[in-house]
Every structure is written in C-alpha cells, then in structure tokens.
>>> print(open('target35.tsv').read())   # TSV, C-alpha atoms
chain	number	residue	atom	x	y	z
R	276	MET	CA	1.43	-27.54	62.83
R	277	LEU	CA	-1.34	-27.10	60.27
R	278	GLY	CA	-1.23	-24.70	57.36
R	279	GLU	CA	-3.78	-21.93	56.96
R	280	PHE	CA	-5.75	-23.71	54.26
R	281	GLU	CA	-5.66	-27.01	56.12
R	282	TYR	CA	-7.14	-25.25	59.14
R	283	LEU	CA	-9.86	-23.66	57.00
R	284	LEU	CA	-10.74	-27.04	55.50
R	285	LEU	CA	-10.88	-28.79	58.87
R	286	THR	CA	-13.00	-26.04	60.39
R	287	ALA	CA	-15.43	-26.06	57.46
R	288	ALA	CA	-15.71	-29.85	57.65
R	289	VAL	CA	-16.39	-29.77	61.41
R	290	ARG	CA	-19.00	-27.04	60.93
R	291	LEU	CA	-20.77	-29.07	58.21
R	292	GLY	CA	-20.68	-32.27	60.29
R	293	GLU	CA	-22.40	-35.18	58.57
R	294	GLY	CA	-22.94	-33.09	55.43
R	295	ALA	CA	-19.24	-32.42	54.83
R	296	TYR	CA	-18.21	-33.22	51.27
R	297	GLY	CA	-16.12	-31.57	48.55
R	298	ALA	CA	-18.53	-29.00	47.11
R	299	ALA	CA	-20.06	-28.06	50.49
R	300	ILE	CA	-16.64	-27.54	52.09
R	301	ARG	CA	-15.57	-25.48	49.10
R	302	GLN	CA	-18.65	-23.26	49.37
R	303	GLU	CA	-18.12	-22.86	53.11
R	304	ILE	CA	-14.50	-21.78	52.62
R	305	GLU	CA	-15.41	-19.38	49.81
R	306	SER	CA	-18.17	-17.72	51.83
R	307	ALA	CA	-15.92	-17.43	54.90
R	308	THR	CA	-12.86	-16.04	53.14
R	309	GLY	CA	-14.43	-14.27	50.16
R	310	ARG	CA	-11.84	-15.95	47.94
R	311	ARG	CA	-12.20	-18.60	45.27
R	312	CYS	CA	-11.25	-22.10	46.38
R	313	SER	CA	-10.07	-24.32	43.54
R	314	ILE	CA	-10.96	-27.99	43.35
R	315	GLY	CA	-7.26	-28.77	42.93
R	316	ALA	CA	-6.37	-27.08	46.23
R	317	LEU	CA	-9.30	-28.73	47.99
R	318	TYR	CA	-8.63	-32.29	46.88
R	319	THR	CA	-4.85	-32.22	47.24
R	320	THR	CA	-5.24	-30.79	50.75
R	321	LEU	CA	-7.82	-33.45	51.57
R	322	ASP	CA	-5.39	-36.13	50.36
R	323	ARG	CA	-2.64	-34.67	52.54
R	324	LEU	CA	-4.89	-34.47	55.62
R	325	GLU	CA	-6.04	-38.04	55.06
R	326	THR	CA	-2.43	-39.22	54.78
R	327	LYS	CA	-1.70	-37.52	58.11
R	328	GLY	CA	-4.73	-39.26	59.62
R	329	LEU	CA	-6.54	-36.01	60.38
R	330	VAL	CA	-9.60	-36.76	58.22
R	331	LYS	CA	-11.30	-39.79	56.76
R	332	THR	CA	-12.95	-39.70	53.33
R	333	TRP	CA	-15.24	-42.11	51.54
R	334	MET	CA	-17.56	-42.10	48.56
R	335	GLY	CA	-21.11	-41.13	49.47
R	336	GLU	CA	-24.41	-41.22	47.65
R	337	ALA	CA	-25.17	-39.57	44.32
R	338	THR	CA	-27.75	-36.78	43.93
R	339	PRO	CA	-29.61	-35.57	40.82
R	340	GLN	CA	-28.26	-32.02	41.21
R	341	ARG	CA	-24.74	-33.47	40.78
R	342	GLY	CA	-25.72	-35.25	37.61
R	343	GLY	CA	-26.02	-38.55	39.46
R	344	ARG	CA	-22.41	-38.48	40.60
R	345	ALA	CA	-21.19	-39.60	44.02
R	346	LYS	CA	-19.85	-37.24	46.70
R	347	ARG	CA	-16.53	-37.54	48.49
R	348	MET	CA	-17.66	-37.37	52.10
R	349	VAL	CA	-15.32	-36.08	54.81
R	350	ARG	CA	-15.14	-36.76	58.52
R	351	VAL	CA	-12.67	-35.02	60.82
R	352	MET	CA	-10.94	-37.47	63.13
R	353	ALA	CA	-10.00	-36.81	66.77
R	354	LYS	CA	-6.40	-36.14	65.68
R	355	GLY	CA	-7.68	-33.52	63.22
R	356	ILE	CA	-9.74	-31.79	65.88
R	357	ALA	CA	-6.71	-31.67	68.17
R	358	ALA	CA	-4.53	-30.24	65.39
R	359	ALA	CA	-7.12	-27.57	64.53
R	360	ALA	CA	-7.52	-26.67	68.21
R	361	ALA	CA	-3.72	-26.35	68.57
R	362	PHE	CA	-3.58	-24.09	65.50
R	363	TYR	CA	-6.42	-21.93	66.81
R	364	SER	CA	-4.74	-21.61	70.23
R	365	ALA	CA	-1.47	-20.58	68.61
R	366	VAL	CA	-3.19	-17.92	66.48
R	367	THR	CA	-5.10	-16.64	69.52
R	368	ARG	CA	-1.93	-16.52	71.66
R	369	VAL	CA	0.15	-14.77	69.05
R	370	SER	CA	-2.65	-12.24	68.40
R	371	ARG	CA	-3.12	-11.33	72.05
R	372	GLY	CA	-2.42	-7.66	72.73
R	373	VAL	CA	-2.02	-6.86	69.04
R	374	SER	CA	-4.15	-4.06	67.66
R	375	TRP	CA	-5.17	-4.28	64.01
R	376	GLU	CA	-6.15	-0.64	63.73
R	377	ALA	CA	-4.36	1.04	60.86
R	378	PRO	CA	-1.70	3.44	62.14
R	379	ARG	CA	-2.67	7.07	61.73
R	380	GLU	CA	-0.53	9.09	59.39
R	381	ALA	CA	1.26	12.01	60.94
R	382	THR	CA	-0.68	15.22	60.28
R	383	ARG	CA	1.18	18.03	58.67
R	384	PRO	CA	1.47	21.24	60.65
O	78	MET	CA	-15.08	-22.04	23.24
O	79	ASN	CA	-17.19	-23.20	26.19
O	80	ARG	CA	-18.04	-26.42	24.37
O	81	MET	CA	-14.39	-27.08	23.69
O	82	CYS	CA	-13.56	-26.48	27.36
O	83	TRP	CA	-16.20	-29.03	28.39
O	84	TRP	CA	-14.83	-31.49	25.88
O	85	LEU	CA	-11.35	-31.03	27.36
O	86	VAL	CA	-12.78	-31.41	30.88
O	87	GLU	CA	-14.38	-34.69	29.83
O	88	ARG	CA	-11.17	-35.94	28.25
O	89	LEU	CA	-8.93	-34.88	31.13
O	90	SER	CA	-11.29	-36.26	33.78
O	91	GLN	CA	-11.07	-39.72	32.19
O	92	ARG	CA	-7.54	-39.88	33.52
O	93	LEU	CA	-8.73	-39.64	37.12
O	94	GLU	CA	-9.58	-42.67	39.21
O	95	PRO	CA	-13.30	-43.54	38.75
O	96	GLY	CA	-14.27	-42.54	42.31
O	97	GLU	CA	-12.41	-39.27	42.20
O	98	ARG	CA	-13.75	-38.55	38.73
O	99	ASP	CA	-17.30	-38.83	40.07
O	100	ALA	CA	-16.54	-36.58	43.04
O	101	VAL	CA	-14.77	-33.91	40.97
O	102	LEU	CA	-17.29	-33.81	38.12
O	103	GLY	CA	-20.14	-33.85	40.63
O	104	ASP	CA	-18.64	-30.90	42.50
O	105	ILE	CA	-18.22	-29.02	39.22
O	106	ALA	CA	-21.85	-29.75	38.25
O	107	GLU	CA	-23.12	-28.70	41.67
O	108	SER	CA	-21.22	-25.43	41.69
O	109	GLY	CA	-22.54	-24.53	38.21
O	110	GLU	CA	-19.15	-23.54	36.86
O	111	SER	CA	-18.54	-22.52	33.28
O	112	GLY	CA	-16.47	-24.78	31.03
O	113	ARG	CA	-13.49	-22.49	31.38
O	114	GLU	CA	-13.60	-22.51	35.18
O	115	ALA	CA	-14.10	-26.28	35.22
O	116	LEU	CA	-11.09	-26.75	32.97
O	117	ARG	CA	-8.99	-24.46	35.15
O	118	ASP	CA	-10.03	-26.45	38.23
O	119	LEU	CA	-9.20	-29.76	36.65
O	120	LEU	CA	-5.84	-28.52	35.38
O	121	SER	CA	-5.01	-27.14	38.81
O	122	LEU	CA	-5.78	-30.57	40.28
O	123	ALA	CA	-3.49	-32.25	37.74
O	124	VAL	CA	-0.63	-29.78	38.33
O	125	ARG	CA	-0.93	-29.99	42.11
O	126	ARG	CA	-1.00	-33.78	42.04
O	127	GLN	CA	2.17	-33.84	39.95
O	128	ALA	CA	3.84	-31.27	42.19
O	129	ALA	CA	2.93	-33.30	45.29
O	130	LEU	CA	4.26	-36.45	43.66
O	131	TRP	CA	7.62	-35.00	42.64
O	132	GLY	CA	7.93	-32.98	45.85
O	133	GLY	CA	8.22	-36.17	47.93
O	134	THR	CA	11.51	-37.97	48.53
O	135	ARG	CA	10.03	-41.42	47.77
O	136	THR	CA	9.67	-40.58	44.09
O	137	TRP	CA	13.26	-39.42	43.78
O	138	ILE	CA	14.58	-42.40	45.73
O	139	ALA	CA	12.65	-44.74	43.40
O	140	LEU	CA	13.90	-42.83	40.38
O	141	ALA	CA	17.53	-42.91	41.44
O	142	GLY	CA	17.53	-46.33	43.08
O	143	LEU	CA	15.35	-48.39	40.75
O	144	ILE	CA	14.44	-46.68	37.49
O	145	ALA	CA	17.88	-45.27	36.64
O	146	PRO	CA	19.79	-48.56	37.19
O	147	ALA	CA	17.11	-50.53	35.28
O	148	ALA	CA	17.31	-48.00	32.43
O	149	VAL	CA	21.12	-48.23	32.34
O	150	LEU	CA	20.96	-52.04	32.26
O	151	ALA	CA	18.31	-51.91	29.53
O	152	GLY	CA	20.54	-49.57	27.56
O	153	GLY	CA	23.51	-51.91	28.00
O	154	ALA	CA	21.50	-54.93	26.89
O	155	SER	CA	20.19	-52.95	23.92
O	156	GLY	CA	23.73	-52.04	22.88
O	157	TRP	CA	24.85	-55.66	23.08
O	158	VAL	CA	21.87	-56.92	21.06
O	159	GLY	CA	22.44	-54.20	18.47
O	160	ARG	CA	26.11	-55.14	18.08
O	161	GLN	CA	25.27	-58.83	17.77
O	162	PHE	CA	22.69	-58.09	15.12
O	163	GLN	CA	25.09	-55.92	13.19
O	164	THR	CA	27.73	-58.66	13.28
O	165	ILE	CA	25.22	-61.25	12.09
O	166	LEU	CA	24.01	-59.00	9.28
O	167	THR	CA	27.50	-58.13	8.06
O	168	GLN	CA	29.44	-61.34	8.72
O	169	GLY	CA	26.76	-63.97	9.07
O	170	VAL	CA	26.47	-66.14	12.18
O	171	MET	CA	29.55	-65.64	14.38
O	172	ALA	CA	31.43	-68.78	13.49
O	173	GLU	CA	34.71	-67.31	14.70
O	174	SER	CA	33.47	-67.22	18.27
O	175	GLY	CA	33.75	-70.99	18.44
O	176	MET	CA	30.03	-71.36	19.06
O	177	THR	CA	27.55	-73.20	16.92
O	178	PRO	CA	24.91	-71.13	15.04
O	179	ALA	CA	22.24	-72.52	17.38
O	180	ASP	CA	24.24	-71.32	20.42
O	181	ASN	CA	24.56	-67.90	18.83
O	182	ILE	CA	20.83	-67.63	18.25
O	183	VAL	CA	20.03	-68.77	21.80
O	184	ARG	CA	22.46	-66.17	23.14
O	185	LEU	CA	20.85	-63.47	21.02
O	186	VAL	CA	17.33	-64.43	22.11
O	187	CYS	CA	18.46	-64.34	25.76
O	188	GLY	CA	19.92	-60.88	25.17
O	189	ILE	CA	16.65	-59.66	23.67
O	190	LEU	CA	14.63	-61.10	26.57
O	191	LEU	CA	16.98	-59.47	29.07
O	192	MET	CA	16.63	-56.13	27.32
O	193	ILE	CA	12.81	-56.42	27.35
O	194	ALA	CA	12.87	-57.39	31.03
O	195	TRP	CA	14.97	-54.40	32.10
O	196	ALA	CA	13.06	-51.96	29.90
O	197	GLY	CA	9.75	-53.35	31.17
O	198	THR	CA	10.93	-53.08	34.78
O	199	ALA	CA	11.90	-49.43	34.37
O	200	GLY	CA	8.62	-48.66	32.61
O	201	PHE	CA	6.53	-50.51	35.17
O	202	ILE	CA	8.12	-48.70	38.12
O	203	LEU	CA	7.68	-45.34	36.42
O	204	SER	CA	4.03	-46.04	35.63
O	205	SER	CA	3.44	-47.21	39.21
O	206	LEU	CA	4.88	-43.95	40.47
O	207	LEU	CA	2.55	-41.94	38.26
O	208	ARG	CA	-0.50	-44.08	38.98
O	209	ARG	CA	-1.94	-41.86	41.63
O	210	SER	CA	-1.39	-38.65	39.71
O	211	ALA	CA	-4.06	-37.08	37.54
O	212	LEU	CA	-1.84	-37.21	34.49
O	213	GLY	CA	-1.10	-40.89	34.82
O	214	GLY	CA	-4.59	-42.32	34.98
O	215	ARG	CA	-5.70	-45.87	34.52
O	216	ARG	CA	-6.25	-45.76	30.82
O	217	SER	CA	-3.22	-43.70	29.91
O	218	HIS	CA	-0.40	-45.01	27.79
O	219	ILE	CA	2.82	-43.66	29.15
O	220	LYS	CA	5.52	-43.02	26.66
O	221	CYS	CA	8.46	-44.55	28.32
O	222	GLY	CA	11.65	-42.69	27.58
O	223	VAL	CA	13.96	-45.23	29.13
O	224	THR	CA	12.57	-48.14	27.17
O	225	GLU	CA	12.52	-46.07	24.00
O	226	GLU	CA	16.19	-45.34	24.61
O	227	ALA	CA	16.85	-49.03	25.16
O	228	TRP	CA	15.28	-50.03	21.87
O	229	ALA	CA	16.46	-47.12	19.83
O	230	GLY	CA	20.08	-47.57	20.82
O	231	ASN	CA	21.53	-49.93	18.22
O	232	TRP	CA	18.61	-51.57	16.51
O	233	CYS	CA	19.91	-51.51	12.94
O	234	GLY	CA	19.88	-47.71	13.07
O	235	ARG	CA	16.07	-47.55	13.29
O	236	ARG	CA	14.48	-45.48	16.01
O	237	THR	CA	11.56	-47.40	17.41
O	238	ARG	CA	8.91	-45.96	19.71
O	239	CYS	CA	8.05	-47.91	22.79
O	240	ARG	CA	4.93	-47.52	24.84
O	241	PHE	CA	4.09	-49.29	28.06
O	242	SER	CA	0.43	-49.95	28.40
O	243	ARG	CA	-0.76	-50.41	31.94
O	244	SER	CA	-4.28	-51.29	30.93
O	245	CYS	CA	-3.22	-54.52	29.28
O	246	GLY	CA	0.07	-54.87	31.17
O	247	SER	CA	2.15	-55.47	28.08
O	248	LEU	CA	4.78	-53.70	26.06
O	249	GLU	CA	3.75	-52.14	22.77
O	250	PHE	CA	6.23	-51.32	20.05
>>> encode(input="target35.tsv", output="structure tokens")
Amino acid sequence: MLGEFEYLLLTAAVRLGEGAYGAAIRQEIESATGRRCSIGALYTTLDRLETKGLVKTWMGEATPQRGGRAKRMVRVMAKGIAAAAAFYSAVTRVSRGVSWEAPREATRP
Amino acid sequence: MNRMCWWLVERLSQRLEPGERDAVLGDIAESGESGREALRDLLSLAVRRQAALWGGTRTWIALAGLIAPAAVLAGGASGWVGRQFQTILTQGVMAESGMTPADNIVRLVCGILLMIAWAGTAGFILSSLLRRSALGGRRSHIKCGVTEEAWAGNWCGRRTRCRFSRSCGSLEF
C-alpha cells in the first residue's frame, strides 16, 4: 500500500506525462495541496518508488532557465499505476457514506 | 546571510552524485528559491538520505557482521604491533624469543600489514555504505573511527588520525 505522499507524487507524475521531472512534480504537488514540498522529500520518495519499481527516472536535457542543468525525468510504470489505482480505490471505499460536514454545536436553550 | 547560504549550498551540493547535483541545483534555480530555502532543502535531502540509509536492516547487518569484526581484528593487530614496538624500544630486538633479528622484523612488518588490511577493510565497507548518502559523496574524506582506534591503540602512546580517502582509494595518516 502506498503512502499519502507517494500517491501524490505518482498522480502528479501521471498528470504531467512526458513533462514529469523534479521541479514540475514539486510545483504540481504544491499547487494541489497548498503545502510546501521539500526537495528532500521529493527525491527520497522518488528513490523509494524507483526501488519498488513503480517509477523509472533518468537524466533529461538541460534548459537555460535551470542554469544549464539537467532534469531528472520521471515515468510512472504499469506497477506504479496499479498501486496508485489501488490506493485511490481504498480511499474511495473507506470514504463512502462519510459526511465531512462539521458537526453542529448544541444550541443553548 | 543570503550569500553565505548560497556558498553553503554550493559546498554541500558538491557531495551529491554529479547527476543528482545537476537535478537538485536545477530544480532550485527553476523554483527561484532564496539561499536560505535552498539550504534548507539541501539539508533536508541530506538528513532524509541518512535516515533512509540507517533505517534499513542491510546497513545494520553490514555494521554488525562485517565492520565490527574487522574493527575488532584491526584493534587486536594494533595492540600486538604496539606491544612489539614497545619491547623493541625498551629491550632491543627480542633475542630471548629464540628468533633471529631478521625474523623479528619480518614478523613485525607482517603485523603492521595485517593491521592496515583490517583497518582498510573496515573503512572501505563503511565508506561503501555511505556512498549513496548525501553526506558521503564522492569527494568526501571520511574520518574512520575504527581505523583511528586501530592506529591510536598502542603506537608508542601517540594518537594518530587516520582518514580513508575514497577518491584515491588509499589510506592517509
């Protein structure tokens, strides 16, 4: 079973498709969650997912806006898609019938 | 302050593998972070890498199964060499052992080589373990506690520092 951040990373990478690399994934996660995503968290999670065979990474081309430095490109493998789908199904199943409305406080007489 | 942070980022990033260094510094440049944020990111990467390394069982198995025995053997060899040296310095070549002076010297040289071999083995395994971590980059010189212990033990009472250099693959004293 994936962790929450692993799921976020996989989903962001799938959404970005061919343009999935470190900084783009980071931006995608930050805009989706509204929270800061550290490079440390991103790269250690990528390493872990690669070890599990869920993603494949390789060094891509360099761009001037990156100071001529190469990108670490990411591709989600079939195993990664299956793991993300299983996580999503579990979250959907466990959330079924649950209302997220805040309970009303009892009014004083 | 910002300049100092960038200087630290530059220094710290040199300990990453070349490919990863490019990717990380490129991401930092692309996101337009301040020096402070970049330093925090790089430090978080280093800490997480170390935590991941020491969180796995492989590291502990290697530590207990290979490094510790090699360090103990290096310590033992160091003690023996130290005692031999002390005897030679105080009593001259050990004539009472029934061996010729040449035999004594050969035995001592063998002891020294054995000590270097065990200390080097322990240091090499430790450096291999740390290779993939951000703090144990390619150009780093790892101070090797076990080998330092081995040398410092009984070497005429002098504490000697030992460093294992992976870049040149040799022992430095």
>>> residues_near_point(input="target35.tsv", point="(-5.7, -30.6, 51.2)", cutoff="12 Å", atoms="all atoms listed in the file", output="PyMOL selection string")
(chain R and resi 277-285+288+297+300-301+312-327+329-330+332+349) or (chain O and resi 122+125-126+129)
>>> residues_around(input="target35.tsv", residues="Ala199 of chain O", least_positions_apart="4", cutoff="7 Å", atoms="all atoms listed in the file", output="number ranges by chain")
O: 144, 147-148, 195, 203
>>> atom_distance(input="target35.tsv", atom1="atom CA of Glu97 of chain O", atom2="atom CA of Gly342 of chain R")
14.6 Å
>>> closest_atom_pairs(input="target35.tsv", of="chain O", to="chain R", cutoff="8 Å", atoms="all atoms listed in the file", output="JSON lines")
{"residue": "O:Gly96", "atom": "CA", "partner": "R:Met334", "partner_atom": "CA", "distance": 7.1}
{"residue": "O:Glu97", "atom": "CA", "partner": "R:Arg347", "partner_atom": "CA", "distance": 7.7}
{"residue": "O:Asp99", "atom": "CA", "partner": "R:Arg344", "partner_atom": "CA", "distance": 5.1}
{"residue": "O:Ala100", "atom": "CA", "partner": "R:Lys346", "partner_atom": "CA", "distance": 5.0}
{"residue": "O:Val101", "atom": "CA", "partner": "R:Ile314", "partner_atom": "CA", "distance": 7.4}
{"residue": "O:Leu102", "atom": "CA", "partner": "R:Arg344", "partner_atom": "CA", "distance": 7.4}
{"residue": "O:Gly103", "atom": "CA", "partner": "R:Arg341", "partner_atom": "CA", "distance": 4.6}
{"residue": "O:Asp104", "atom": "CA", "partner": "R:Ala298", "partner_atom": "CA", "distance": 5.0}
{"residue": "O:Ile105", "atom": "CA", "partner": "R:Ala298", "partner_atom": "CA", "distance": 7.9}
{"residue": "O:Ala106", "atom": "CA", "partner": "R:Arg341", "partner_atom": "CA", "distance": 5.3}
{"residue": "O:Glu107", "atom": "CA", "partner": "R:Arg341", "partner_atom": "CA", "distance": 5.1}
{"residue": "O:Ser108", "atom": "CA", "partner": "R:Ala298", "partner_atom": "CA", "distance": 7.0}
{"residue": "O:Asp118", "atom": "CA", "partner": "R:Ile314", "partner_atom": "CA", "distance": 5.4}
{"residue": "O:Leu119", "atom": "CA", "partner": "R:Gly315", "partner_atom": "CA", "distance": 6.6}
{"residue": "O:Leu120", "atom": "CA", "partner": "R:Gly315", "partner_atom": "CA", "distance": 7.7}
{"residue": "O:Ser121", "atom": "CA", "partner": "R:Gly315", "partner_atom": "CA", "distance": 5.0}
{"residue": "O:Leu122", "atom": "CA", "partner": "R:Gly315", "partner_atom": "CA", "distance": 3.5}
{"residue": "O:Ala123", "atom": "CA", "partner": "R:Gly315", "partner_atom": "CA", "distance": 7.3}
{"residue": "O:Arg125", "atom": "CA", "partner": "R:Gly315", "partner_atom": "CA", "distance": 6.5}
{"residue": "O:Arg126", "atom": "CA", "partner": "R:Thr319", "partner_atom": "CA", "distance": 6.7}
>>> atom_distance(input="target35.tsv", atom1="atom CA of Ile356 of chain R", atom2="atom CA of Thr286 of chain R")
8.6 Å
>>> atom_distance(input="target35.tsv", atom1="atom CA of Met192 of chain O", atom2="atom CA of Gly156 of chain O")
9.3 Å
>>> residues_around(input="target35.tsv", residues="Met81 of chain O", least_positions_apart="6", cutoff="10 Å", atoms="only C-alpha atoms", output="PyMOL selection string")
chain O and resi 87+112-113+116
>>> axis_aligned_box(input="target35.tsv", around="segment 193-206 of chain O", padding_each_side="5 Å", output="AutoDock Vina command-line options")
--center_x 9.2 --center_y -50.7 --center_z 33.9 --size_x 21.5 --size_y 23.4 --size_z 23.1
>>> closest_residue(input="target35.tsv", among="O:Pro95, O:Gly132, O:Gly188, O:Gly109", to="Arg160 of chain O", atoms="only C-alpha atoms")
O:Gly188
>>> closest_residue(input="target35.tsv", among="R:Ala359, R:Val369, R:Ala377, R:Met352", to="Gly292 of chain R", atoms="all atoms listed in the file")
R:Met352
>>> build_atoms(input="target35.tsv", residues="segment 346-357 of chain R", atoms="all heavy atoms", output="PDB file, in the coordinates of the input")
ATOM      1  N   LYS R 346     -20.579 -38.287  45.965  1.00  0.00           N
ATOM      2  CA  LYS R 346     -19.850 -37.240  46.700  1.00  0.00           C
ATOM      3  C   LYS R 346     -18.662 -37.869  47.423  1.00  0.00           C
ATOM      4  O   LYS R 346     -18.733 -39.035  47.810  1.00  0.00           O
ATOM      5  CB  LYS R 346     -20.765 -36.629  47.769  1.00  0.00           C
ATOM      6  CG  LYS R 346     -21.972 -35.933  47.251  1.00  0.00           C
ATOM      7  CD  LYS R 346     -22.895 -35.619  48.424  1.00  0.00           C
ATOM      8  CE  LYS R 346     -24.125 -34.875  47.942  1.00  0.00           C
ATOM      9  NZ  LYS R 346     -25.089 -34.670  49.036  1.00  0.00           N
ATOM     10  N   ARG R 347     -17.634 -37.078  47.635  1.00  0.00           N
ATOM     11  CA  ARG R 347     -16.530 -37.540  48.490  1.00  0.00           C
ATOM     12  C   ARG R 347     -16.792 -36.965  49.881  1.00  0.00           C
ATOM     13  O   ARG R 347     -16.582 -35.770  50.110  1.00  0.00           O
ATOM     14  CB  ARG R 347     -15.188 -37.064  47.934  1.00  0.00           C
ATOM     15  CG  ARG R 347     -14.006 -37.636  48.705  1.00  0.00           C
ATOM     16  CD  ARG R 347     -12.695 -37.264  48.083  1.00  0.00           C
ATOM     17  NE  ARG R 347     -11.581 -37.710  48.898  1.00  0.00           N
ATOM     18  CZ  ARG R 347     -10.325 -37.439  48.635  1.00  0.00           C
ATOM     19  NH1 ARG R 347     -10.002 -36.734  47.574  1.00  0.00           N
ATOM     20  NH2 ARG R 347      -9.360 -37.859  49.426  1.00  0.00           N
ATOM     21  N   MET R 348     -17.296 -37.800  50.756  1.00  0.00           N
ATOM     22  CA  MET R 348     -17.660 -37.370  52.100  1.00  0.00           C
ATOM     23  C   MET R 348     -16.408 -37.257  52.978  1.00  0.00           C
ATOM     24  O   MET R 348     -15.436 -37.981  52.762  1.00  0.00           O
ATOM     25  CB  MET R 348     -18.635 -38.372  52.739  1.00  0.00           C
ATOM     26  CG  MET R 348     -19.874 -38.669  51.923  1.00  0.00           C
ATOM     27  SD  MET R 348     -20.879 -37.220  51.542  1.00  0.00           S
ATOM     28  CE  MET R 348     -21.493 -36.773  53.151  1.00  0.00           C
ATOM     29  N   VAL R 349     -16.478 -36.345  53.944  1.00  0.00           N
ATOM     30  CA  VAL R 349     -15.320 -36.080  54.810  1.00  0.00           C
ATOM     31  C   VAL R 349     -15.740 -36.127  56.274  1.00  0.00           C
ATOM     32  O   VAL R 349     -16.780 -35.573  56.637  1.00  0.00           O
ATOM     33  CB  VAL R 349     -14.711 -34.691  54.476  1.00  0.00           C
ATOM     34  CG1 VAL R 349     -13.521 -34.393  55.380  1.00  0.00           C
ATOM     35  CG2 VAL R 349     -14.315 -34.602  53.011  1.00  0.00           C
ATOM     36  N   ARG R 350     -14.931 -36.796  57.071  1.00  0.00           N
ATOM     37  CA  ARG R 350     -15.140 -36.760  58.520  1.00  0.00           C
ATOM     38  C   ARG R 350     -13.820 -36.397  59.189  1.00  0.00           C
ATOM     39  O   ARG R 350     -12.776 -36.981  58.852  1.00  0.00           O
ATOM     40  CB  ARG R 350     -15.623 -38.107  59.034  1.00  0.00           C
ATOM     41  CG  ARG R 350     -15.878 -38.072  60.556  1.00  0.00           C
ATOM     42  CD  ARG R 350     -16.254 -39.427  61.099  1.00  0.00           C
ATOM     43  NE  ARG R 350     -17.503 -39.901  60.532  1.00  0.00           N
ATOM     44  CZ  ARG R 350     -17.745 -41.182  60.206  1.00  0.00           C
ATOM     45  NH1 ARG R 350     -16.812 -42.082  60.387  1.00  0.00           N
ATOM     46  NH2 ARG R 350     -18.892 -41.536  59.717  1.00  0.00           N
ATOM     47  N   VAL R 351     -13.883 -35.428  60.107  1.00  0.00           N
ATOM     48  CA  VAL R 351     -12.670 -35.020  60.820  1.00  0.00           C
ATOM     49  C   VAL R 351     -12.451 -35.972  61.991  1.00  0.00           C
ATOM     50  O   VAL R 351     -13.366 -36.207  62.779  1.00  0.00           O
ATOM     51  CB  VAL R 351     -12.780 -33.557  61.309  1.00  0.00           C
ATOM     52  CG1 VAL R 351     -11.497 -33.131  62.009  1.00  0.00           C
ATOM     53  CG2 VAL R 351     -13.073 -32.619  60.142  1.00  0.00           C
ATOM     54  N   MET R 352     -11.256 -36.523  62.070  1.00  0.00           N
ATOM     55  CA  MET R 352     -10.940 -37.470  63.130  1.00  0.00           C
ATOM     56  C   MET R 352     -10.491 -36.710  64.397  1.00  0.00           C
ATOM     57  O   MET R 352     -10.234 -35.500  64.332  1.00  0.00           O
ATOM     58  CB  MET R 352      -9.814 -38.417  62.688  1.00  0.00           C
ATOM     59  CG  MET R 352     -10.062 -39.077  61.340  1.00  0.00           C
ATOM     60  SD  MET R 352     -11.600 -40.007  61.264  1.00  0.00           S
ATOM     61  CE  MET R 352     -11.141 -41.475  62.164  1.00  0.00           C
ATOM     62  N   ALA R 353     -10.381 -37.427  65.489  1.00  0.00           N
ATOM     63  CA  ALA R 353     -10.000 -36.810  66.770  1.00  0.00           C
ATOM     64  C   ALA R 353      -8.629 -36.099  66.643  1.00  0.00           C
ATOM     65  O   ALA R 353      -8.419 -35.007  67.181  1.00  0.00           O
ATOM     66  CB  ALA R 353      -9.943 -37.875  67.851  1.00  0.00           C
ATOM     67  N   LYS R 354      -7.734 -36.726  65.894  1.00  0.00           N
ATOM     68  CA  LYS R 354      -6.400 -36.140  65.680  1.00  0.00           C
ATOM     69  C   LYS R 354      -6.514 -34.810  64.927  1.00  0.00           C
ATOM     70  O   LYS R 354      -5.775 -33.859  65.191  1.00  0.00           O
ATOM     71  CB  LYS R 354      -5.573 -37.142  64.858  1.00  0.00           C
ATOM     72  CG  LYS R 354      -4.089 -37.010  64.993  1.00  0.00           C
ATOM     73  CD  LYS R 354      -3.422 -38.148  64.225  1.00  0.00           C
ATOM     74  CE  LYS R 354      -2.004 -37.805  63.876  1.00  0.00           C
ATOM     75  NZ  LYS R 354      -1.404 -38.808  62.979  1.00  0.00           N
ATOM     76  N   GLY R 355      -7.455 -34.739  63.997  1.00  0.00           N
ATOM     77  CA  GLY R 355      -7.680 -33.520  63.220  1.00  0.00           C
ATOM     78  C   GLY R 355      -8.244 -32.420  64.077  1.00  0.00           C
ATOM     79  O   GLY R 355      -7.855 -31.248  63.934  1.00  0.00           O
ATOM     80  N   ILE R 356      -9.154 -32.782  64.972  1.00  0.00           N
ATOM     81  CA  ILE R 356      -9.740 -31.790  65.880  1.00  0.00           C
ATOM     82  C   ILE R 356      -8.659 -31.237  66.808  1.00  0.00           C
ATOM     83  O   ILE R 356      -8.583 -30.026  67.037  1.00  0.00           O
ATOM     84  CB  ILE R 356     -10.919 -32.421  66.680  1.00  0.00           C
ATOM     85  CG1 ILE R 356     -12.086 -32.688  65.699  1.00  0.00           C
ATOM     86  CG2 ILE R 356     -11.367 -31.521  67.825  1.00  0.00           C
ATOM     87  CD1 ILE R 356     -13.224 -33.488  66.272  1.00  0.00           C
ATOM     88  N   ALA R 357      -7.802 -32.117  67.286  1.00  0.00           N
ATOM     89  CA  ALA R 357      -6.710 -31.670  68.170  1.00  0.00           C
ATOM     90  C   ALA R 357      -5.752 -30.737  67.432  1.00  0.00           C
ATOM     91  O   ALA R 357      -5.324 -29.708  67.978  1.00  0.00           O
ATOM     92  CB  ALA R 357      -5.951 -32.898  68.695  1.00  0.00           C
TER      93      ALA R 357
END
